[in-house]
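**Q** So here's protein31.txt (compact mmCIF, C-alpha atoms (C1' of nucleotides)).
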```txt
# COMPACT_ATOMS: atom_id res chain seq x y z
CA MET H 1 0.00 0.00 0.00
CA ASP H 2 1.56 3.26 -1.10
CA ASP H 3 1.57 6.40 1.00
CA PRO H 4 -0.90 8.78 -0.65
CA ARG H 5 1.08 11.93 0.19
CA ALA H 6 3.60 13.57 -2.11
CA GLY H 7 6.60 13.11 0.15
CA PRO H 8 8.77 10.03 0.45
CA ALA H 9 7.86 7.34 2.95
CA PRO H 10 9.85 7.54 6.22
CA ALA H 11 13.25 6.05 5.43
CA ALA H 12 14.62 3.03 7.24
CA ASP H 13 18.27 3.52 6.29
CA THR H 14 20.41 6.10 8.08
CA ARG H 15 21.06 8.24 5.04
CA GLY H 16 17.34 8.42 4.35
CA ARG H 17 16.52 9.22 7.96
CA VAL H 18 19.05 12.04 7.93
CA LEU H 19 17.44 13.46 4.81
CA ASP H 20 13.99 13.21 6.37
CA VAL H 21 15.06 15.08 9.48
CA ALA H 22 17.10 17.67 7.60
CA GLU H 23 14.25 18.26 5.17
CA ALA H 24 11.79 18.94 7.97
CA MET H 25 14.20 21.38 9.56
CA ALA H 26 15.02 23.08 6.26
CA GLN H 27 11.33 23.54 5.46
CA THR H 28 10.64 24.93 8.92
CA ARG H 29 13.71 26.97 9.80
CA GLY H 30 15.59 27.38 6.51
CA PHE H 31 18.96 26.05 5.40
CA ASN H 32 20.78 28.51 7.68
CA GLY H 33 18.42 27.73 10.52
CA PHE H 34 19.64 24.27 11.47
CA SER H 35 23.02 22.64 12.09
CA TYR H 36 24.61 19.21 12.04
CA ALA H 37 24.23 19.24 15.82
CA ASP H 38 20.46 19.61 15.45
CA ILE H 39 20.25 16.68 13.05
CA SER H 40 22.58 14.65 15.22
CA ALA H 41 20.33 15.06 18.24
CA GLU H 42 17.23 13.99 16.37
CA VAL H 43 18.63 11.10 14.36
CA GLY H 44 20.72 9.73 17.20
CA ILE H 45 24.15 9.57 15.59
CA THR H 46 27.10 11.91 16.13
CA LYS H 47 27.95 14.93 14.02
CA ALA H 48 31.06 13.15 12.76
CA SER H 49 28.93 10.28 11.47
CA LEU H 50 26.76 12.73 9.58
CA HIS H 51 29.86 13.86 7.70
CA TYR H 52 30.31 10.29 6.51
CA HIS H 53 26.94 10.43 4.73
CA PHE H 54 27.20 14.05 3.58
CA ARG H 55 30.73 15.34 3.45
CA THR H 56 29.71 19.02 3.65
CA LYS H 57 26.51 20.84 4.44
CA ALA H 58 26.40 22.00 0.83
CA ASP H 59 26.34 18.32 -0.19
CA LEU H 60 23.44 17.75 2.16
CA GLY H 61 21.68 20.77 0.67
CA ARG H 62 22.05 19.51 -2.88
CA SER H 63 20.82 16.05 -1.92
CA LEU H 64 17.86 17.63 -0.17
CA ILE H 65 16.73 19.53 -3.25
CA ALA H 66 17.45 16.63 -5.61
CA ARG H 67 15.25 14.30 -3.60
CA TYR H 68 12.55 16.95 -3.21
CA ARG H 69 12.50 17.58 -6.95
CA GLY H 70 12.26 13.85 -7.62
CA ALA H 71 9.32 13.44 -5.26
CA PHE H 72 7.59 16.47 -6.74
CA ARG H 73 8.13 15.21 -10.28
CA ALA H 74 6.59 11.89 -9.32
CA ALA H 75 3.61 13.66 -7.79
CA LEU H 76 3.10 15.74 -10.94
CA ASP H 77 3.32 12.64 -13.10
CA ALA H 78 0.72 10.95 -10.90
CA ILE H 79 -1.63 13.90 -11.32
CA THR H 80 -1.12 14.01 -15.07
CA ALA H 81 -1.74 10.28 -15.31
CA SER H 82 -4.86 10.42 -13.16
CA GLY H 83 -7.02 11.37 -16.13
CA GLY H 84 -8.83 14.29 -14.50
CA SER H 85 -9.79 17.52 -16.24
CA ALA H 86 -7.33 20.43 -16.35
CA LEU H 87 -9.24 22.15 -13.56
CA GLU H 88 -9.14 19.01 -11.46
CA ARG H 89 -5.41 18.63 -12.09
CA LEU H 90 -4.82 22.20 -10.94
CA HIS H 91 -6.81 21.56 -7.79
CA ALA H 92 -4.77 18.41 -7.19
CA TYR H 93 -1.64 20.53 -7.62
CA VAL H 94 -2.85 22.93 -4.95
CA LEU H 95 -3.46 20.00 -2.61
CA LEU H 96 0.25 19.19 -2.87
CA TYR H 97 1.01 22.61 -1.43
CA ALA H 98 -1.80 22.45 1.09
CA SER H 99 -0.41 19.27 2.63
CA VAL H 100 2.92 21.03 3.11
CA VAL H 101 1.28 23.97 4.89
CA ARG H 102 -0.77 21.59 7.04
CA ASP H 103 2.54 20.02 8.10
CA ASP H 104 3.53 23.51 9.23
CA ARG H 105 6.20 23.64 6.59
CA MET H 106 7.16 25.90 3.70
CA CYS H 107 7.95 24.60 0.22
CA LEU H 108 11.61 23.57 0.42
CA CYS H 109 12.57 25.55 -2.67
CA GLY H 110 10.46 28.55 -1.69
CA MET H 111 12.34 28.59 1.60
CA PHE H 112 15.68 28.25 -0.17
CA ALA H 113 14.67 31.01 -2.60
CA ALA H 114 14.57 33.41 0.35
CA GLU H 115 18.09 32.39 1.37
CA TYR H 116 19.18 32.21 -2.26
CA ARG H 117 22.04 34.68 -1.96
CA THR H 118 23.65 32.78 0.89
CA LEU H 119 23.56 29.37 -0.81
CA PRO H 120 26.26 27.60 -2.87
CA ALA H 121 25.90 27.86 -6.65
CA ALA H 122 25.01 24.18 -7.03
CA MET H 123 21.98 24.66 -4.79
CA GLN H 124 20.95 27.84 -6.58
CA GLU H 125 20.86 25.99 -9.88
CA GLU H 126 18.68 23.22 -8.45
CA ILE H 127 16.26 25.78 -7.05
CA ARG H 128 15.76 27.47 -10.41
CA GLY H 129 15.31 24.02 -11.94
CA PHE H 130 12.49 23.29 -9.51
CA PHE H 131 10.70 26.49 -10.40
CA ASP H 132 11.22 25.89 -14.13
CA GLU H 133 9.74 22.41 -13.93
CA ASN H 134 6.73 23.60 -12.00
CA GLU H 135 6.05 26.44 -14.38
CA SER H 136 6.33 24.15 -17.38
CA TRP H 137 3.92 21.65 -15.87
CA LEU H 138 1.45 24.37 -14.93
CA ALA H 139 1.70 25.99 -18.36
CA GLU H 140 0.87 22.65 -19.95
CA GLN H 141 -2.25 22.15 -17.87
CA LEU H 142 -3.33 25.74 -18.49
CA ASP H 143 -2.82 25.40 -22.22
CA GLU H 144 -4.81 22.17 -22.44
CA GLY H 145 -7.56 23.57 -20.23
CA ARG H 146 -7.97 26.68 -22.34
CA ARG H 147 -8.04 24.72 -25.59
CA ALA H 148 -10.76 22.55 -24.10
CA GLY H 149 -12.74 25.66 -23.14
CA GLU H 150 -12.52 24.65 -19.52
CA LEU H 151 -10.25 27.52 -18.46
CA ALA H 152 -10.03 31.18 -19.45
CA PHE H 153 -7.06 33.55 -19.14
CA ASP H 154 -5.25 36.11 -21.28
CA GLY H 155 -1.81 35.84 -22.82
CA LEU H 156 0.63 32.95 -22.85
CA PRO H 157 0.04 29.94 -20.56
CA ARG H 158 3.55 30.41 -19.19
CA GLU H 159 2.71 33.91 -17.97
CA THR H 160 -0.24 32.69 -15.95
CA ALA H 161 1.83 29.73 -14.76
CA MET H 162 4.38 32.15 -13.34
CA ILE H 163 1.67 34.02 -11.48
CA LEU H 164 0.19 30.82 -10.09
CA LEU H 165 3.52 29.48 -8.87
CA GLY H 166 4.50 32.78 -7.30
CA ALA H 167 1.09 33.20 -5.72
CA LEU H 168 1.12 29.73 -4.17
CA GLU H 169 4.64 30.16 -2.81
CA GLY H 170 3.80 33.56 -1.34
CA MET H 171 0.49 32.49 0.12
CA MET H 172 2.30 29.63 1.87
CA LEU H 173 4.90 32.06 3.16
CA VAL H 174 2.37 34.46 4.63
CA ALA H 175 -0.06 31.80 5.90
CA ARG H 176 2.74 30.16 7.85
CA SER H 177 3.21 33.37 9.87
CA TYR H 178 -0.34 32.94 11.07
CA GLY H 179 -0.03 29.18 11.50
CA ASP H 180 -3.24 29.11 9.49
CA ALA H 181 -3.50 26.30 6.96
CA ALA H 182 -7.20 26.94 6.34
CA ARG H 183 -6.36 30.46 5.25
CA PHE H 184 -4.02 29.10 2.62
CA GLU H 185 -6.46 26.49 1.39
CA ALA H 186 -9.32 28.93 0.96
CA SER H 187 -7.19 31.47 -0.92
CA ALA H 188 -5.54 28.85 -3.11
CA LYS H 189 -8.86 27.27 -4.04
CA ARG H 190 -10.23 30.62 -5.10
CA LEU H 191 -7.09 31.33 -7.10
CA ILE H 192 -7.80 28.25 -9.25
CA GLU H 193 -11.55 28.78 -9.42
CA ASP H 194 -10.93 32.25 -10.83
CA LEU H 195 -9.58 30.54 -13.96
CA ARG H 196 -13.06 29.26 -14.84
CA PRO H 197 -14.55 30.97 -17.88
CA GLY H 198 -17.23 33.63 -17.36
CA MET P 1 13.30 67.77 -3.05
CA ASP P 2 12.09 64.52 -1.55
CA ASP P 3 13.34 61.14 -2.62
CA PRO P 4 10.53 59.64 -4.72
CA ARG P 5 11.14 56.07 -3.53
CA ALA P 6 9.33 54.42 -0.64
CA GLY P 7 12.38 53.90 1.54
CA PRO P 8 13.97 56.38 3.94
CA ALA P 9 16.65 58.75 2.66
CA PRO P 10 20.21 57.61 3.42
CA ALA P 11 20.81 58.46 7.06
CA ALA P 12 23.56 60.80 8.19
CA ASP P 13 23.66 59.67 11.83
CA THR P 14 25.39 56.44 12.82
CA ARG P 15 22.28 54.72 14.10
CA GLY P 16 20.51 55.46 10.85
CA ARG P 17 23.44 54.30 8.76
CA VAL P 18 23.56 51.04 10.69
CA LEU P 19 19.88 50.51 10.02
CA ASP P 20 20.36 51.25 6.32
CA VAL P 21 23.17 48.73 6.00
CA ALA P 22 21.45 46.09 8.13
CA GLU P 23 18.23 46.53 6.18
CA ALA P 24 19.95 45.96 2.86
CA MET P 25 21.62 42.83 4.21
CA ALA P 26 18.43 41.54 5.79
CA GLN P 27 16.48 42.01 2.56
CA THR P 28 19.20 40.29 0.54
CA ARG P 29 20.47 37.52 2.81
CA GLY P 30 17.90 37.26 5.58
CA PHE P 31 18.13 37.97 9.28
CA ASN P 32 20.26 34.86 9.86
CA GLY P 33 22.39 35.67 6.83
CA PHE P 34 24.37 38.60 8.19
CA SER P 35 26.33 39.33 11.37
CA TYR P 36 27.48 42.29 13.42
CA ALA P 37 30.88 41.76 11.82
CA ASP P 38 29.33 42.27 8.36
CA ILE P 39 27.68 45.52 9.41
CA SER P 40 30.84 46.64 11.19
CA ALA P 41 32.89 46.23 8.02
CA GLU P 42 30.45 48.22 5.90
CA VAL P 43 29.62 51.03 8.32
CA GLY P 44 33.19 51.45 9.54
CA ILE P 45 32.74 51.10 13.29
CA THR P 46 33.59 48.12 15.51
CA LYS P 47 31.22 45.37 16.55
CA ALA P 48 31.40 46.66 20.13
CA SER P 49 30.17 50.07 18.97
CA LEU P 50 27.24 48.45 17.23
CA HIS P 51 26.16 46.99 20.54
CA TYR P 52 25.98 50.52 21.91
CA HIS P 53 23.27 51.39 19.35
CA PHE P 54 21.49 48.02 19.42
CA ARG P 55 22.14 46.04 22.57
CA THR P 56 21.23 42.70 20.98
CA LYS P 57 20.62 41.51 17.44
CA ALA P 58 16.99 40.96 18.36
CA ASP P 59 16.82 44.68 19.20
CA LEU P 60 18.26 45.50 15.83
CA GLY P 61 15.71 43.21 14.20
CA ARG P 62 12.78 44.89 15.93
CA SER P 63 14.05 48.34 14.99
CA LEU P 64 14.45 47.18 11.41
CA ILE P 65 10.84 46.07 11.10
CA ALA P 66 9.49 49.07 13.00
CA ARG P 67 11.22 51.48 10.64
CA TYR P 68 10.18 49.44 7.60
CA ARG P 69 6.56 49.42 8.71
CA GLY P 70 6.68 53.16 9.26
CA ALA P 71 8.09 53.83 5.81
CA PHE P 72 5.54 51.51 4.23
CA ARG P 73 2.69 53.15 6.11
CA ALA P 74 3.84 56.55 4.87
CA ALA P 75 4.00 55.25 1.30
CA LEU P 76 0.48 53.84 1.56
CA ASP P 77 -0.80 57.12 2.96
CA ALA P 78 0.82 58.96 0.07
CA ILE P 79 -0.89 56.68 -2.43
CA THR P 80 -4.24 57.05 -0.72
CA ALA P 81 -3.85 60.83 -0.65
CA SER P 82 -2.81 61.03 -4.31
CA GLY P 83 -6.43 61.06 -5.45
CA GLY P 84 -6.08 58.36 -8.11
CA SER P 85 -8.68 55.73 -8.93
CA ALA P 86 -8.68 52.41 -7.07
CA LEU P 87 -7.03 50.73 -10.04
CA GLU P 88 -4.36 53.42 -10.15
CA ARG P 89 -3.77 53.06 -6.43
CA LEU P 90 -3.28 49.32 -6.80
CA HIS P 91 -0.79 49.87 -9.61
CA ALA P 92 1.04 52.38 -7.42
CA TYR P 93 1.12 49.74 -4.70
CA VAL P 94 2.72 47.27 -7.09
CA LEU P 95 5.37 49.86 -7.97
CA LEU P 96 6.39 49.88 -4.32
CA TYR P 97 7.22 46.20 -4.61
CA ALA P 98 8.78 46.57 -8.05
CA SER P 99 11.30 49.09 -6.77
CA VAL P 100 12.36 46.61 -4.09
CA VAL P 101 12.90 43.86 -6.67
CA ARG P 102 14.81 46.25 -8.92
CA ASP P 103 17.10 46.87 -5.95
CA ASP P 104 17.68 43.12 -5.94
CA ARG P 105 15.99 42.84 -2.60
CA MET P 106 13.11 40.91 -1.10
CA CYS P 107 10.38 42.53 0.99
CA LEU P 108 11.88 42.71 4.49
CA CYS P 109 8.86 41.08 6.10
CA GLY P 110 8.50 38.47 3.36
CA MET P 111 12.10 37.52 4.01
CA PHE P 112 11.51 37.40 7.75
CA ALA P 113 8.36 35.35 7.18
CA ALA P 114 10.56 32.60 5.73
CA GLU P 115 12.77 32.67 8.82
CA TYR P 116 9.75 33.15 11.07
CA ARG P 117 10.34 30.12 13.26
CA THR P 118 13.88 31.16 14.12
CA LEU P 119 13.01 34.74 15.12
CA PRO P 120 12.26 36.20 18.58
CA ALA P 121 8.59 36.60 19.47
CA ALA P 122 8.77 40.40 19.34
CA MET P 123 9.85 40.24 15.70
CA GLN P 124 7.20 37.66 14.84
CA GLU P 125 4.50 39.99 16.15
CA GLU P 126 5.77 42.90 14.06
CA ILE P 127 5.81 40.74 10.94
CA ARG P 128 2.19 39.72 11.34
CA GLY P 129 1.37 43.40 11.96
CA PHE P 130 2.95 44.33 8.65
CA PHE P 131 0.89 41.77 6.78
CA ASP P 132 -2.28 42.81 8.59
CA GLU P 133 -1.78 46.44 7.69
CA ASN P 134 -1.14 45.66 4.06
CA GLU P 135 -4.17 43.43 3.79
CA SER P 136 -6.37 46.05 5.40
CA TRP P 137 -5.16 48.74 3.04
CA LEU P 138 -5.59 46.50 0.01
CA ALA P 139 -9.05 45.42 1.13
CA GLU P 140 -10.07 49.06 1.42
CA GLN P 141 -8.94 49.89 -2.10
CA LEU P 142 -10.62 46.75 -3.45
CA ASP P 143 -13.86 47.56 -1.69
CA GLU P 144 -13.96 51.14 -2.98
CA GLY P 145 -13.03 50.03 -6.47
CA ARG P 146 -15.78 47.44 -6.64
CA ARG P 147 -18.40 49.84 -5.30
CA ALA P 148 -17.36 52.30 -8.01
CA GLY P 149 -17.71 49.57 -10.65
CA GLU P 150 -14.05 49.94 -11.48
CA LEU P 151 -13.03 46.53 -10.18
CA ALA P 152 -14.66 43.11 -10.22
CA PHE P 153 -14.01 40.15 -7.92
CA ASP P 154 -16.02 37.61 -5.93
CA GLY P 155 -16.36 37.37 -2.17
CA LEU P 156 -15.06 39.62 0.57
CA PRO P 157 -12.46 42.30 -0.27
CA ARG P 158 -10.25 40.89 2.46
CA GLU P 159 -10.12 37.51 0.72
CA THR P 160 -8.85 39.00 -2.50
CA ALA P 161 -6.49 41.23 -0.52
CA MET P 162 -4.93 38.12 1.02
CA ILE P 163 -4.40 36.61 -2.42
CA LEU P 164 -2.86 39.82 -3.77
CA LEU P 165 -0.45 40.21 -0.87
CA GLY P 166 0.59 36.56 -0.99
CA ALA P 167 0.97 36.64 -4.75
CA LEU P 168 3.17 39.73 -4.70
CA GLU P 169 5.39 38.34 -1.94
CA GLY P 170 5.75 35.02 -3.73
CA MET P 171 6.38 36.55 -7.14
CA MET P 172 9.15 38.64 -5.59
CA LEU P 173 10.60 35.55 -3.98
CA VAL P 174 10.71 33.55 -7.19
CA ALA P 175 11.74 36.43 -9.48
CA ARG P 176 14.74 37.11 -7.25
CA SER P 177 16.08 33.61 -7.98
CA TYR P 178 16.22 34.60 -11.63
CA GLY P 179 17.52 38.10 -10.90
CA ASP P 180 14.72 39.17 -13.19
CA ALA P 181 12.88 42.33 -12.15
CA ALA P 182 11.07 42.60 -15.50
CA ARG P 183 9.55 39.19 -14.90
CA PHE P 184 8.08 40.42 -11.63
CA GLU P 185 6.79 43.64 -13.10
CA ALA P 186 5.01 41.97 -16.00
CA SER P 187 3.34 39.36 -13.78
CA ALA P 188 2.37 41.87 -11.13
CA LYS P 189 0.85 44.25 -13.66
CA ARG P 190 -1.26 41.47 -15.09
CA LEU P 191 -2.35 40.42 -11.61
CA ILE P 192 -3.90 43.87 -11.08
CA GLU P 193 -5.28 44.21 -14.60
CA ASP P 194 -7.16 40.94 -14.09
CA LEU P 195 -9.29 42.79 -11.54
CA ARG P 196 -10.88 44.91 -14.28
CA PRO P 197 -14.54 44.05 -14.91
CA GLY P 198 -15.39 42.00 -18.01
C1' DG M 1 29.43 3.05 9.62
C1' DT M 2 29.94 5.04 13.96
C1' DC M 3 32.63 6.74 17.55
C1' DT M 4 35.85 10.28 20.54
C1' DA M 5 38.47 14.14 20.29
C1' DT M 6 39.76 18.29 18.49
C1' DA M 7 40.83 21.80 15.23
C1' DA M 8 39.68 26.31 13.29
C1' DC M 9 36.70 29.72 12.91
C1' DG M 10 32.78 33.02 13.43
C1' DA M 11 28.89 34.28 16.13
C1' DG M 12 26.72 37.48 19.73
C1' DA M 13 27.93 39.82 23.70
C1' DT M 14 30.53 42.35 27.70
C1' DA M 15 34.20 45.07 30.44
C1' DG M 16 36.48 48.92 30.81
C1' DA M 17 39.71 52.57 28.84
C1' DC M 18 39.53 56.83 26.17
C1' DG G 1 30.23 57.16 21.13
C1' DT G 2 33.90 54.48 19.91
C1' DC G 3 37.71 51.75 20.92
C1' DT G 4 40.69 47.23 22.35
C1' DA G 5 40.51 43.04 24.38
C1' DT G 6 38.26 39.14 25.74
C1' DC G 7 34.66 35.61 26.76
C1' DT G 8 31.67 31.89 25.64
C1' DC G 9 29.44 29.29 22.71
C1' DG G 10 28.00 27.14 18.33
C1' DT G 11 29.44 26.13 13.74
C1' DT G 12 31.48 23.10 9.99
C1' DA G 13 34.88 19.92 9.35
C1' DT G 14 38.82 16.44 10.03
C1' DA G 15 41.87 12.61 12.13
C1' DG G 16 42.06 8.35 13.59
C1' DA G 17 40.42 4.42 16.72
C1' DC G 18 36.93 0.73 16.85
```
How does the structure come out when it is put into structure tokens?

**A**
Amino acid sequence: MDDPRAGPAPAADTRGRVLDVAEAMAQTRGFNGFSYADISAEVGITKASLHYHFRTKADLGRSLIARYRGAFRAALDAITASGGSALERLHAYVLLYASVVRDDRMCLCGMFAAEYRTLPAAMQEEIRGFFDENESWLAEQLDEGRRAGELAFDGLPRETAMILLGALEGMMLVARSYGDAARFEASAKRLIEDLRPG
Amino acid sequence: MDDPRAGPAPAADTRGRVLDVAEAMAQTRGFNGFSYADISAEVGITKASLHYHFRTKADLGRSLIARYRGAFRAALDAITASGGSALERLHAYVLLYASVVRDDRMCLCGMFAAEYRTLPAAMQEEIRGFFDENESWLAEQLDEGRRAGELAFDGLPRETAMILLGALEGMMLVARSYGDAARFEASAKRLIEDLRPG
DNA sequence: GTCTATAACGAGATAGAC
DNA sequence: GTCTATCTCGTTATAGAC
């Protein structure tokens, strides 16, 4: 039985458990907001052992984004394959974000985007890649939906995709300050519904 | 001749210069992304002297937000007093954000919202206050605009205000990863134009 | 693969002279 | 107000034993 959420199942191996713990901390406190000591305490191995699995913190950071992108890609593929309408697919996309907010987290790459200037180049590249992929996927759904007469919006699909991605990231960011997941869900739902024709 | 931008004029006194430098660093690298040593190097006084002006970094953080809120409030008042239409006022509001992105910065409070969980309670309160104020102002403009038949949207003004604020913060966040101010400006302009009836 | 021990550095903060 | 000097602690990272 597969876990229905977007994220990976809790890992049994040490490396995986480290990534799980680091990911939670990164999404909550940012990349500069946690240390090897923090992970060490939670996972139950020493700081030195962590360096065996991830030689530097930058390595850990890259692995974090790579895994996150992979999980997100899988989730997008699952939505695309589900056979729903474009509107339904967009709502499913929003649910991905909603589950993150409900977990009291921020999107990993949205969080890293704030710290962008302090991060190693390799991480910066991965972050842009995440945004690119999301925009492309969104643009595709928007394009199909408009052709089918199911959605209405002006201009290029990519332009509206950029607005949607930015809006979802920002609404997460602000909602988290209020610890209010319902606030995010209501706003996000309306954001998508506003794409209906008429 | 007043500076036409939203921010304060470059300060002549030491305390003001420290705030200027710290603000730029906070908006670029985040509150956890700069140190007293960084400010010291740029302002040209020692770390110890900085502690004379701001006893702790948390103090500096609170002063930073307080000043930012004050400047923003003044900018909003200026827009409200300018006598433009609701649509024009919303476009003027977007220009406030655009000038920040052009400076290669993130909204101070948007940045702090990402680091929210790592910040002292006094700063957290100020951040929520900033968002509240912005939403209230936006809701007011939206309400007036709709009553005048100049704007069209469903539901309560406050709901759309929340979406607008979140969208602008998030679009800044993402655009900054691309170092692309034009991208932000185009998306933000469309966001407002989509509020036109029809 | 995990440990102990430690290096090397930067952080925020304070004491006290000028 | 600003300085020098110093403290204490937390940070990433390494060496080498088990």

**Q** Which residues of chain H are close to chain G, meaning at most 9 Å apart when you count only C-alpha atoms (C1' of nucleotides), and how do they look as an MDAnalysis selection string?

**A** chainID H and resid 35:37 48 51 55:57

**Q** Just how far from CA of Arg183 in chain P is CA of Arg105 in chain P, in Å to one decimal?

**A** 14.4 Å

**Q** Each residue of chain M lying at most 10 Å from chain P should get a row with its shortest atom-to-atom pair and the distance in Å to one decimal, counting all atoms listed in the file; could you produce that, ordered by chain and increasing number, as a tab-separated table?

**A**
```
residue	atom	partner	partner_atom	distance
M:DG10	C1'	P:Ala37	CA	9.1
M:DA11	C1'	P:Ser35	CA	7.4
M:DG12	C1'	P:Lys57	CA	7.7
M:DA13	C1'	P:Thr56	CA	7.8
M:DT14	C1'	P:Ala48	CA	8.8
```

**Q** Hey, which bits of chain H sit within 6 Å of chain P, and for each residue what's the closest pair of atoms and how far apart in Å (one decimal), counting all atoms listed in the file, rows by chain and increasing number, as a Markdown table?

**A**
```
| residue | atom | partner | partner_atom | distance |
| --- | --- | --- | --- | --- |
| H:Arg29 | CA | P:Arg117 | CA | 5.8 |
| H:Glu115 | CA | P:Arg29 | CA | 5.8 |
| H:Arg117 | CA | P:Arg29 | CA | 5.8 |
| H:Gly166 | CA | P:Met171 | CA | 4.2 |
| H:Ala167 | CA | P:Ala167 | CA | 3.6 |
| H:Glu169 | CA | P:Gly170 | CA | 5.1 |
| H:Gly170 | CA | P:Gly170 | CA | 3.4 |
| H:Met171 | CA | P:Gly166 | CA | 4.2 |
```

**Q** Rounded to one decimal in Å, what is the spacing between CA of Ile45 in chain H and CA of Leu108 in chain H?

**A**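 If I compute the distance from CA of Ile45 in chain H to CA of Leu108 in chain H, I get 24.2 Å.
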
**Q** Rounded to one decimal in Å, what is the spacing between CA of Leu76 in chain H and CA of Leu90 in chain H?

**A**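 These two atoms are separated by 10.2 Å.
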